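Engineer: My structure is stored as input_14.cif, with mmCIF, C-alpha atoms and all ligand atoms.
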data_upload
#
loop_
_atom_site.label_atom_id
_atom_site.label_comp_id
_atom_site.auth_asym_id
_atom_site.auth_seq_id
_atom_site.Cartn_x
_atom_site.Cartn_y
_atom_site.Cartn_z
CA MET A 1 124.08 60.40 101.03
CA SER A 2 122.84 58.53 104.06
CA ASP A 3 124.58 55.93 106.14
CA PRO A 4 123.36 53.33 108.64
CA VAL A 5 125.51 54.64 111.49
CA ARG A 6 124.09 58.12 111.12
CA PHE A 7 120.58 56.65 111.05
CA LEU A 8 121.14 54.56 114.20
CA ASN A 9 122.57 57.51 116.09
CA ALA A 10 119.61 59.65 115.03
CA PHE A 11 117.24 56.77 115.96
CA ALA A 12 118.76 56.46 119.46
CA HIS A 13 118.71 60.23 119.88
CA SER A 14 114.98 60.31 119.01
CA LEU A 15 114.20 57.63 121.60
CA GLY A 16 116.06 59.63 124.26
CA VAL A 17 114.32 62.87 123.32
CA MET A 18 110.91 61.14 123.25
CA THR A 19 111.25 60.24 126.94
CA LEU A 20 111.64 63.92 127.75
CA TYR A 21 109.17 65.68 125.49
CA PRO A 22 105.54 65.03 124.60
CA GLU A 23 104.28 64.50 121.08
CA GLY A 24 104.22 67.81 119.18
CA HIS A 25 107.11 69.37 121.12
CA PRO A 26 109.54 71.00 118.63
CA SER A 27 112.62 69.17 120.02
CA ARG A 28 110.88 65.84 119.70
CA GLU A 29 109.55 66.49 116.22
CA LYS A 30 112.97 67.69 115.07
CA ALA A 31 114.69 64.55 116.37
CA VAL A 32 112.11 62.28 114.69
CA ASP A 33 112.43 64.30 111.47
CA SER A 34 116.17 63.84 111.24
CA ALA A 35 116.01 60.11 112.06
CA PHE A 36 113.29 59.68 109.46
CA GLU A 37 115.32 61.58 106.85
CA GLU A 38 118.29 59.27 107.49
CA LEU A 39 116.09 56.19 107.16
CA ASP A 40 114.44 57.51 104.07
CA GLY A 41 117.88 58.18 102.56
CA LEU A 42 118.94 54.61 103.37
CA THR A 43 115.82 53.16 101.78
CA THR A 44 116.29 55.15 98.62
CA ALA A 45 120.08 54.69 98.37
CA GLY A 46 120.56 50.91 98.57
CA GLY A 47 119.10 48.25 96.31
CA HIS A 48 117.71 46.41 99.38
CA LEU A 49 115.34 47.48 102.06
CA PRO A 50 117.37 48.20 105.20
CA SER A 51 117.53 45.66 108.03
CA PHE A 52 119.39 45.79 111.33
CA THR A 53 120.34 43.01 113.71
CA PHE A 54 121.30 43.94 117.25
CA LEU A 55 123.59 41.71 119.23
CA GLU A 56 124.82 42.37 122.76
CA ASP A 57 127.78 44.43 121.57
CA GLU A 58 127.46 44.48 117.83
CA VAL A 59 125.15 45.89 115.22
CA VAL A 60 124.76 44.31 111.80
CA PHE A 61 123.35 46.28 108.87
CA GLY A 62 122.12 43.83 106.25
CA ARG A 63 125.13 41.49 106.36
CA GLU A 64 127.68 44.13 107.22
CA ARG A 65 129.05 44.60 110.76
CA LEU A 66 129.02 48.22 111.80
CA ARG A 67 132.36 48.44 113.58
CA GLU A 68 131.92 52.11 114.44
CA LEU A 69 129.08 51.10 116.75
CA LYS A 70 131.10 48.71 118.90
CA SER A 71 130.55 50.79 122.03
CA TRP A 72 127.04 51.94 121.13
CA ASP A 73 125.07 50.89 124.19
CA TRP A 74 121.64 51.06 122.57
CA GLY A 75 122.19 47.63 120.98
CA LYS A 76 122.18 46.08 124.45
CA ARG A 77 119.13 48.05 125.48
CA LEU A 78 117.19 47.00 122.41
CA VAL A 79 118.17 43.35 122.88
CA GLY A 80 117.15 43.67 126.55
CA ALA A 81 113.73 44.83 125.39
CA GLY A 82 113.36 41.86 123.02
CA ILE A 83 114.23 43.83 119.89
CA GLU A 84 116.99 41.95 118.11
CA ARG A 85 116.03 42.78 114.60
CA VAL A 86 114.39 45.66 112.76
CA GLU A 87 113.60 45.37 109.08
CA LEU A 88 111.68 47.44 106.64
CA GLU A 89 109.06 45.70 104.55
CA ARG A 90 108.66 48.69 102.30
CA LYS A 91 109.36 52.38 102.22
CA VAL A 92 107.56 53.92 105.21
CA THR A 93 106.07 57.33 105.84
CA ARG A 94 107.15 59.75 108.58
CA GLU A 95 103.95 58.95 110.46
CA GLU A 96 104.55 55.20 110.28
CA PHE A 97 108.10 55.69 111.46
CA ASN A 98 106.85 57.78 114.38
CA SER A 99 104.42 54.99 115.42
CA PHE A 100 107.26 52.50 115.20
CA LEU A 101 109.41 54.69 117.49
CA GLN A 102 106.59 54.85 120.02
CA GLU A 103 106.31 51.07 120.01
CA VAL A 104 110.06 50.65 120.52
CA LEU A 105 110.00 53.16 123.35
CA ALA A 106 107.12 51.37 125.05
CA ARG A 107 109.07 48.12 124.89
CA LEU A 108 112.21 49.75 126.25
CA MET A 109 110.19 51.07 129.15
CA LEU A 110 109.03 47.57 129.92
CA SER A 111 112.48 46.07 129.54
CA THR A 112 112.80 45.03 133.17
CA ILE A 113 110.24 42.31 132.56
CA ASP A 114 111.14 38.92 131.26
CA THR A 115 111.28 39.19 127.49
CA SER A 116 111.75 35.48 126.82
CA GLU A 117 108.28 35.46 125.36
CA ALA A 118 108.96 38.50 123.26
CA ARG A 119 106.92 38.28 120.12
CA GLN A 120 107.61 39.81 116.85
CA MET A 121 105.79 43.03 116.13
CA ARG A 122 104.90 44.55 112.84
CA SER A 123 104.25 48.21 113.07
CA PHE A 124 103.20 49.97 109.90
CA GLY A 125 105.65 48.49 107.44
CA ILE A 126 108.45 47.83 109.92
CA ARG A 127 108.92 44.42 111.49
CA PHE A 128 110.84 44.18 114.71
CA GLY A 129 111.32 41.70 117.50
CA ALA A 130 113.32 38.63 118.36
CA VAL A 131 115.68 37.08 115.84
CA GLY A 132 114.37 33.88 114.32
CA LEU A 133 110.75 34.71 114.87
CA HIS A 134 110.25 36.97 111.97
CA GLU A 135 108.41 34.56 109.75
CA GLN A 136 106.15 33.15 112.42
CA GLU A 137 103.24 34.59 114.29
CA ALA A 138 103.66 38.09 113.00
CA ILE A 139 101.22 40.29 114.82
CA ASP A 140 99.36 42.89 112.89
CA PHE A 141 99.75 45.82 115.21
CA GLU A 142 96.71 47.65 113.88
CA ALA A 143 94.46 44.66 114.37
CA ALA A 144 95.74 43.78 117.85
CA ALA A 145 93.11 43.62 120.57
CA PRO A 146 92.96 46.64 122.91
CA LEU A 147 94.97 46.28 126.10
CA PRO A 148 93.04 45.03 129.10
CA LEU A 149 92.57 47.77 131.66
CA THR A 150 93.57 45.85 134.73
CA THR A 151 94.92 42.38 135.20
CA LEU A 152 96.47 42.64 138.62
CA ALA A 153 94.89 42.39 142.01
CA LEU A 154 97.56 44.05 144.08
CA THR A 155 97.50 44.44 147.80
CA LEU A 156 101.18 45.24 148.47
CA GLY A 157 100.55 43.84 151.95
CA GLU A 158 103.79 41.90 152.04
CA GLU A 159 105.86 44.80 150.82
CA ALA A 160 104.27 46.97 153.51
CA ASP A 161 104.99 44.34 156.19
CA THR A 162 108.61 44.03 155.10
CA PHE A 163 109.02 47.79 155.13
CA ARG A 164 107.61 48.02 158.68
CA TRP A 165 109.99 45.30 159.78
CA LEU A 166 112.88 47.13 158.12
CA HIS A 167 111.87 50.34 159.84
CA ALA A 168 111.82 48.61 163.22
CA GLU A 169 115.27 47.12 162.50
CA VAL A 170 116.71 50.57 161.81
CA GLN A 171 115.09 51.85 164.97
CA SER A 172 116.51 49.11 167.17
CA GLY A 173 119.78 48.25 165.46
CA GLY A 174 120.62 51.55 163.73
CA ARG A 175 121.37 49.76 160.46
CA VAL A 176 119.42 49.47 157.24
CA PRO A 177 119.01 45.85 156.09
CA LEU A 178 120.00 46.30 152.46
CA LEU A 179 118.84 42.91 151.19
CA GLU A 180 115.31 43.41 152.48
CA ALA A 181 115.17 46.95 151.10
CA GLU A 182 116.18 45.57 147.70
CA ALA A 183 113.66 42.75 147.98
CA VAL A 184 110.83 45.24 148.56
CA VAL A 185 111.95 47.24 145.54
CA ARG A 186 112.21 44.17 143.30
CA SER A 187 108.77 43.10 144.34
CA LEU A 188 107.34 46.57 143.61
CA SER A 189 109.06 46.46 140.23
CA VAL A 190 107.39 43.13 139.42
CA ALA A 191 104.03 44.61 140.41
CA MET A 192 104.70 47.52 138.07
CA HIS A 193 105.30 45.20 135.12
CA GLY A 194 102.55 42.65 135.43
CA ASP A 195 100.69 44.21 132.54
CA SER A 196 101.66 45.19 129.03
CA ARG A 197 101.92 48.81 130.03
CA MET A 198 103.62 50.18 133.12
CA LEU A 199 101.50 50.19 136.24
CA LEU A 200 102.00 52.49 139.18
CA PRO A 201 100.66 50.52 142.14
CA LEU A 202 100.11 53.16 144.81
CA LEU A 203 98.82 52.84 148.33
CA LYS A 204 96.22 55.09 149.86
CA LEU A 205 96.51 56.07 153.48
CA LYS A 206 93.81 54.71 155.73
CA GLU A 207 95.28 55.24 159.17
CA PHE A 208 97.40 58.31 159.82
CA ASP A 209 99.95 56.20 161.64
CA GLN A 210 100.57 54.26 158.42
CA TYR A 211 101.97 57.33 156.73
CA THR A 212 105.65 56.35 156.67
CA THR A 213 104.85 52.98 155.12
CA THR A 214 102.43 54.13 152.44
CA HIS A 215 104.50 57.21 151.64
CA SER A 216 107.81 55.30 151.37
CA LEU A 217 106.36 52.60 149.12
CA ASN A 218 104.61 55.16 146.95
CA VAL A 219 107.71 57.31 146.54
CA ALA A 220 109.67 54.17 145.58
CA VAL A 221 107.06 53.24 142.92
CA LEU A 222 106.80 56.78 141.51
CA ALA A 223 110.58 57.24 141.45
CA MET A 224 111.06 53.93 139.63
CA GLY A 225 108.31 54.78 137.15
CA LEU A 226 109.90 58.14 136.41
CA ALA A 227 113.44 56.74 136.18
CA GLU A 228 112.26 54.03 133.84
CA SER A 229 110.44 56.43 131.56
CA LEU A 230 113.63 58.49 131.38
CA GLY A 231 115.42 55.48 129.96
CA CYS A 232 117.44 54.49 133.05
CA ARG A 233 118.69 50.91 133.06
CA PRO A 234 116.98 48.33 135.29
CA ARG A 235 119.81 48.43 137.87
CA GLU A 236 119.68 52.21 138.09
CA VAL A 237 115.90 52.09 138.33
CA ARG A 238 116.12 49.70 141.29
CA ALA A 239 118.81 51.81 142.99
CA ILE A 240 116.51 54.84 142.66
CA GLY A 241 113.69 52.69 144.06
CA VAL A 242 115.77 51.86 147.14
CA ALA A 243 116.64 55.56 147.51
CA GLY A 244 112.92 56.43 147.29
CA LEU A 245 112.05 53.77 149.83
CA LEU A 246 114.63 55.05 152.33
CA HIS A 247 114.43 58.80 151.72
CA ASP A 248 112.63 59.54 155.03
CA ILE A 249 114.37 56.88 157.13
CA GLY A 250 115.89 59.68 159.26
CA LYS A 251 112.43 60.24 160.75
CA ILE A 252 112.98 57.28 163.10
CA ARG A 253 114.84 59.70 165.39
CA ILE A 254 111.93 62.18 165.56
CA PRO A 255 109.63 61.93 168.60
CA LEU A 256 106.22 60.45 167.76
CA GLU A 257 104.32 63.46 169.12
CA VAL A 258 106.08 65.70 166.59
CA LEU A 259 105.58 63.27 163.72
CA THR A 260 101.89 62.78 164.35
CA LYS A 261 101.02 66.28 165.58
CA PRO A 262 97.75 67.29 163.93
CA GLY A 263 98.38 71.06 163.94
CA LYS A 264 101.10 73.34 162.68
CA LEU A 265 104.57 72.64 164.07
CA THR A 266 106.26 75.22 166.35
CA ASP A 267 109.65 76.59 165.26
CA GLU A 268 111.36 74.22 167.65
CA GLU A 269 109.42 71.22 166.37
CA ARG A 270 110.09 72.27 162.79
CA ALA A 271 113.83 72.39 163.58
CA ILE A 272 113.61 68.82 164.94
CA MET A 273 111.69 67.71 161.86
CA ASN A 274 114.29 69.27 159.57
CA THR A 275 117.05 67.07 160.97
CA HIS A 276 115.67 63.98 159.21
CA PRO A 277 117.65 64.36 155.95
CA VAL A 278 120.99 64.54 157.77
CA ASP A 279 120.07 61.75 160.21
CA GLY A 280 118.79 59.59 157.37
CA ALA A 281 121.96 60.03 155.32
CA ARG A 282 124.05 59.17 158.38
CA VAL A 283 122.17 55.98 159.23
CA ILE A 284 122.28 54.84 155.60
CA MET A 285 126.01 55.57 155.26
CA GLN A 286 126.73 53.61 158.43
CA SER A 287 124.75 50.64 157.15
CA ASP A 288 126.21 49.81 153.79
CA GLU A 289 128.65 51.29 151.33
CA ASP A 290 126.43 50.15 148.47
CA LEU A 291 123.79 52.59 149.58
CA GLY A 292 125.71 55.71 148.55
CA MET A 293 122.99 56.93 146.22
CA ALA A 294 120.30 56.38 148.86
CA ALA A 295 122.37 58.38 151.39
CA THR A 296 122.73 61.26 148.93
CA VAL A 297 119.01 61.23 148.19
CA ALA A 298 118.12 61.15 151.90
CA TYR A 299 120.40 64.15 152.42
CA GLU A 300 119.19 66.19 149.44
CA HIS A 301 115.51 65.36 148.99
CA HIS A 302 114.29 68.62 150.60
CA VAL A 303 116.79 70.85 148.78
CA MET A 304 115.13 72.94 146.09
CA LEU A 305 116.52 73.61 142.63
CA ASN A 306 117.22 77.25 143.60
CA GLY A 307 119.10 76.20 146.73
CA GLY A 308 116.19 76.77 149.14
CA GLY A 309 114.81 74.12 151.47
CA TYR A 310 116.93 72.18 153.93
CA PRO A 311 119.56 71.24 154.99
CA VAL A 312 121.22 74.53 153.97
CA LEU A 313 124.07 73.69 151.60
CA HIS A 314 127.32 75.52 152.26
CA TYR A 315 127.64 76.45 148.63
CA THR A 316 125.08 76.38 145.84
CA ARG A 317 125.39 73.33 143.67
CA GLU A 318 123.08 71.14 141.70
CA CYS A 319 121.78 68.15 143.64
CA ALA A 320 122.16 64.64 142.23
CA MET A 321 119.66 63.66 139.52
CA ALA A 322 118.25 60.93 141.80
CA SER A 323 117.64 63.51 144.55
CA ARG A 324 115.88 65.93 142.19
CA LEU A 325 113.80 63.04 140.91
CA VAL A 326 112.81 61.76 144.38
CA HIS A 327 112.04 65.36 145.43
CA VAL A 328 109.32 65.61 142.75
CA CYS A 329 107.82 62.21 143.65
CA ASP A 330 108.01 62.96 147.37
CA VAL A 331 106.08 66.23 147.13
CA TYR A 332 103.55 64.68 144.74
CA ASP A 333 102.76 61.82 147.12
CA ALA A 334 102.75 64.03 150.23
CA LEU A 335 100.22 66.44 148.69
CA SER A 336 98.08 63.61 147.30
CA THR A 337 97.69 62.14 150.78
CA LYS A 338 95.21 63.19 153.44
CA ARG A 339 97.00 64.58 156.49
CA PRO A 340 95.68 65.38 159.96
CA TYR A 341 95.86 69.09 159.09
CA ARG A 342 94.56 69.10 155.49
CA ASP A 343 92.66 67.05 152.92
CA ALA A 344 94.32 65.11 150.10
CA TRP A 345 94.80 67.23 147.00
CA PRO A 346 93.33 65.91 143.74
CA ALA A 347 95.89 64.88 141.10
CA ASP A 348 95.29 67.88 138.80
CA ARG A 349 95.88 70.37 141.63
CA THR A 350 99.09 68.58 142.63
CA MET A 351 100.34 68.56 139.04
CA LEU A 352 99.64 72.30 138.76
CA TYR A 353 101.59 72.84 141.95
CA LEU A 354 104.57 70.99 140.50
CA GLU A 355 104.33 72.89 137.21
CA ASP A 356 104.12 76.23 139.05
CA ARG A 357 107.33 75.50 140.90
CA ALA A 358 109.18 73.94 137.99
CA GLY A 359 112.39 75.92 137.57
CA THR A 360 112.47 77.24 141.14
CA GLU A 361 111.80 74.30 143.46
CA PHE A 362 111.81 71.44 140.95
CA ASP A 363 113.85 70.44 137.94
CA PRO A 364 111.52 71.44 135.06
CA GLU A 365 112.48 68.54 132.78
CA LEU A 366 111.73 66.08 135.56
CA VAL A 367 108.35 67.69 136.25
CA THR A 368 107.41 67.36 132.57
CA ALA A 369 108.56 63.74 132.45
CA PHE A 370 106.83 62.95 135.75
CA ILE A 371 103.47 64.32 134.65
CA ARG A 372 103.73 62.35 131.43
CA THR A 373 104.63 59.19 133.36
CA LEU A 374 101.56 59.64 135.55
CA GLN A 375 99.34 60.19 132.53
CA GLN A 376 100.73 57.24 130.61
CA GLY A 377 101.37 54.88 133.52
CA HIS A 378 98.36 53.10 134.80
CA ALA A 379 98.00 54.28 138.40
CA GLN A 380 96.30 51.75 140.65
CA VAL A 381 95.48 52.99 144.09
CA ARG A 382 94.91 50.55 146.94
CA VAL A 383 93.99 51.22 150.54
CA LEU A 384 96.50 49.66 152.88
CA SER A 385 94.38 47.64 155.24
CA ASP A 386 96.92 46.30 157.70
CA GLU A 387 96.78 48.04 161.06
CA SER A 388 100.39 47.73 162.28
CA PRO A 389 101.73 50.91 163.85
CA SER A 390 104.07 53.30 162.06
CA ALA A 391 104.10 57.09 162.02
CA ALA A 392 105.08 60.32 160.35
CA ASN A 393 104.22 63.95 159.52
CA SER A 394 104.39 65.88 156.23
CA THR A 395 106.96 64.98 153.52
FE FE A 401 111.48 64.01 153.91
FE FE A 402 109.04 62.18 152.15
#
Would you mind writing the file's structure down as structure tokens?
Ligand SMILES: [Fe+2]
Ligand SMILES: [Fe+2]

Structural biologist:
Amino acid sequence: MSDPVRFLNAFAHSLGVMTLYPEGHPSREKAVDSAFEELDGLTTAGGHLPSFTFLEDEVVFGRERLRELKSWDWGKRLVGAGIERVELERKVTREEFNSFLQEVLARLMLSTIDTSEARQMRSFGIRFGAVGLHEQEAIDFEAAAPLPLTTLALTLGEEADTFRWLHAEVQSGGRVPLLEAEAVVRSLSVAMHGDSRMLLPLLKLKEFDQYTTTHSLNVAVLAMGLAESLGCRPREVRAIGVAGLLHDIGKIRIPLEVLTKPGKLTDEERAIMNTHPVDGARVIMQSDEDLGMAATVAYEHHVMLNGGGYPVLHYTRECAMASRLVHVCDVYDALSTKRPYRDAWPADRTMLYLEDRAGTEFDPELVTAFIRTLQQGHAQVRVLSDESPSAANST
């Protein structure tokens, strides 16, 4: 005996699991299996083919309100992604259901974009999309044209300028201008969603003294991409973006000759360098109470999963999820960038490095999700051409 509530819970669970595990992973396949079994039971049990309508805080099955799902927050998420209705046109196979789940997930990942133009989709026997559109303009998913490879000509010049200005403000005034930091992040988020699949607009370092700018913008983009693919809500994604943007802000206190030193740092210089997480957290905390997550991330972004790294924590504890997430993105971007003392690592070598240290330095689930985000996201790399001064060393 199947019931719609059990199906919806299994459906939501599958979407969550799919953000963490690749196709073929036993956990993912098991979650899809049980959701499919519930759906199959529903299709066989009732006289009608099942249909669901999602409202902001209500779910309707056929014509019946599902009161048990009053606080089920997936309804909101689906509506936010332009999915207000899901209806079966016929009994579907496990494979068709799996394709449908992938489509829903892709739309959830893009949910920060304006969905006012959301069209109805038909994916292998299941129609879904906005309410009221389901008889018009149905798109045959299989026949849809392939996605264009690139539609954006990004320069990120303005975002880079704003970040340099923000950096100078912190240096002179000792406070982080929150509104401008958020504006940079919003603008990066728009750049990430200008296409039908998520883009990762990354900057490539041209001048060594541009490192802080390119690195901070890249870590913000990568952290938002990862947070989004994990199913975080748009507000959380932007907060993580701000935290990524500001993670190295404590470097403003480090002398330029240490930051830009081409060779290996002495022990004394290393000790100076290692003060940047604490200094960064302090400057952020003094600036704005709303930046609590960014302060935590600045403090913890060099702490490893096994407690190594710096600053040394007085007792072993797990760092915040946002810190563990930024840590992965930070190391990825640092290694992918040419430094005065070494060449840029190619992406596959950097990914291997992350995988090797998953479980000791990095959160293994985040490494898996990050690598998948990079493979699925459409990375666009631009060379930052502006010559304004800014500086840094290592991660
Ligand atoms: Fe750092
Ligand atoms: Fe960094």

Engineer: Tell me, as a list of chain:residue names, which residues lie within 9 Å of Ala106 in chain A, counting all atoms listed in the file; anything in the same chain fewer than 6 positions away does not count.

Structural biologist: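 Contacts, in chain order: A:Arg197, A:Met198, A:Ser229.
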
Engineer: Mind listing whatever residues come within 8 Å of the point (105.9, 65.8, 141.5)? Use all atoms listed in the file, file coordinates, and give them as JSON, numbers by chain.

Structural biologist: {"A": [327, 328, 329, 330, 331, 332, 333, 350, 351, 354, 367, 370, 371]}

Engineer: Grab the CA of Ala45 in chain A to CA of Val60 in chain A distance for me, in Å with one decimal place.

Structural biologist: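 Taking CA of Ala45 in chain A as the start and CA of Val60 in chain A as the end point, the length is 17.6 Å.
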
Engineer: Pick out the residues no farther than 12 Å from ligand FE 402 (chain A), counting all atoms listed in the file, and list them as a PyMOL selection string.

Structural biologist: chain A and resi 211-220+223+243-251+273-274+276-277+280+297-302+323+326-335+337+392-395

Engineer: From the set A:Leu20, A:Leu8, A:Ala344, A:Leu42, which residue has the shortest atom-to-atom contact distance to Gly75 in chain A, counting only C-alpha atoms?

Structural biologist: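 Of all the options, A:Leu8 lies closest to Gly75 in chain A.
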
Engineer: Looking at only C-alpha atoms, which of A:Lys264, A:Arg65, A:Arg253, A:Arg238 is the one that sits closest to Leu291 in chain A?

Structural biologist: A:Arg238

Engineer: For Leu39 in chain A, list every protein, DNA or RNA residue within 7 Å, evaluated using all atoms listed in the file, and leave out those in the same chain fewer than 4 positions away; present the list as a list in words.

Structural biologist: Phe7, Ala35 and Thr43 of chain A
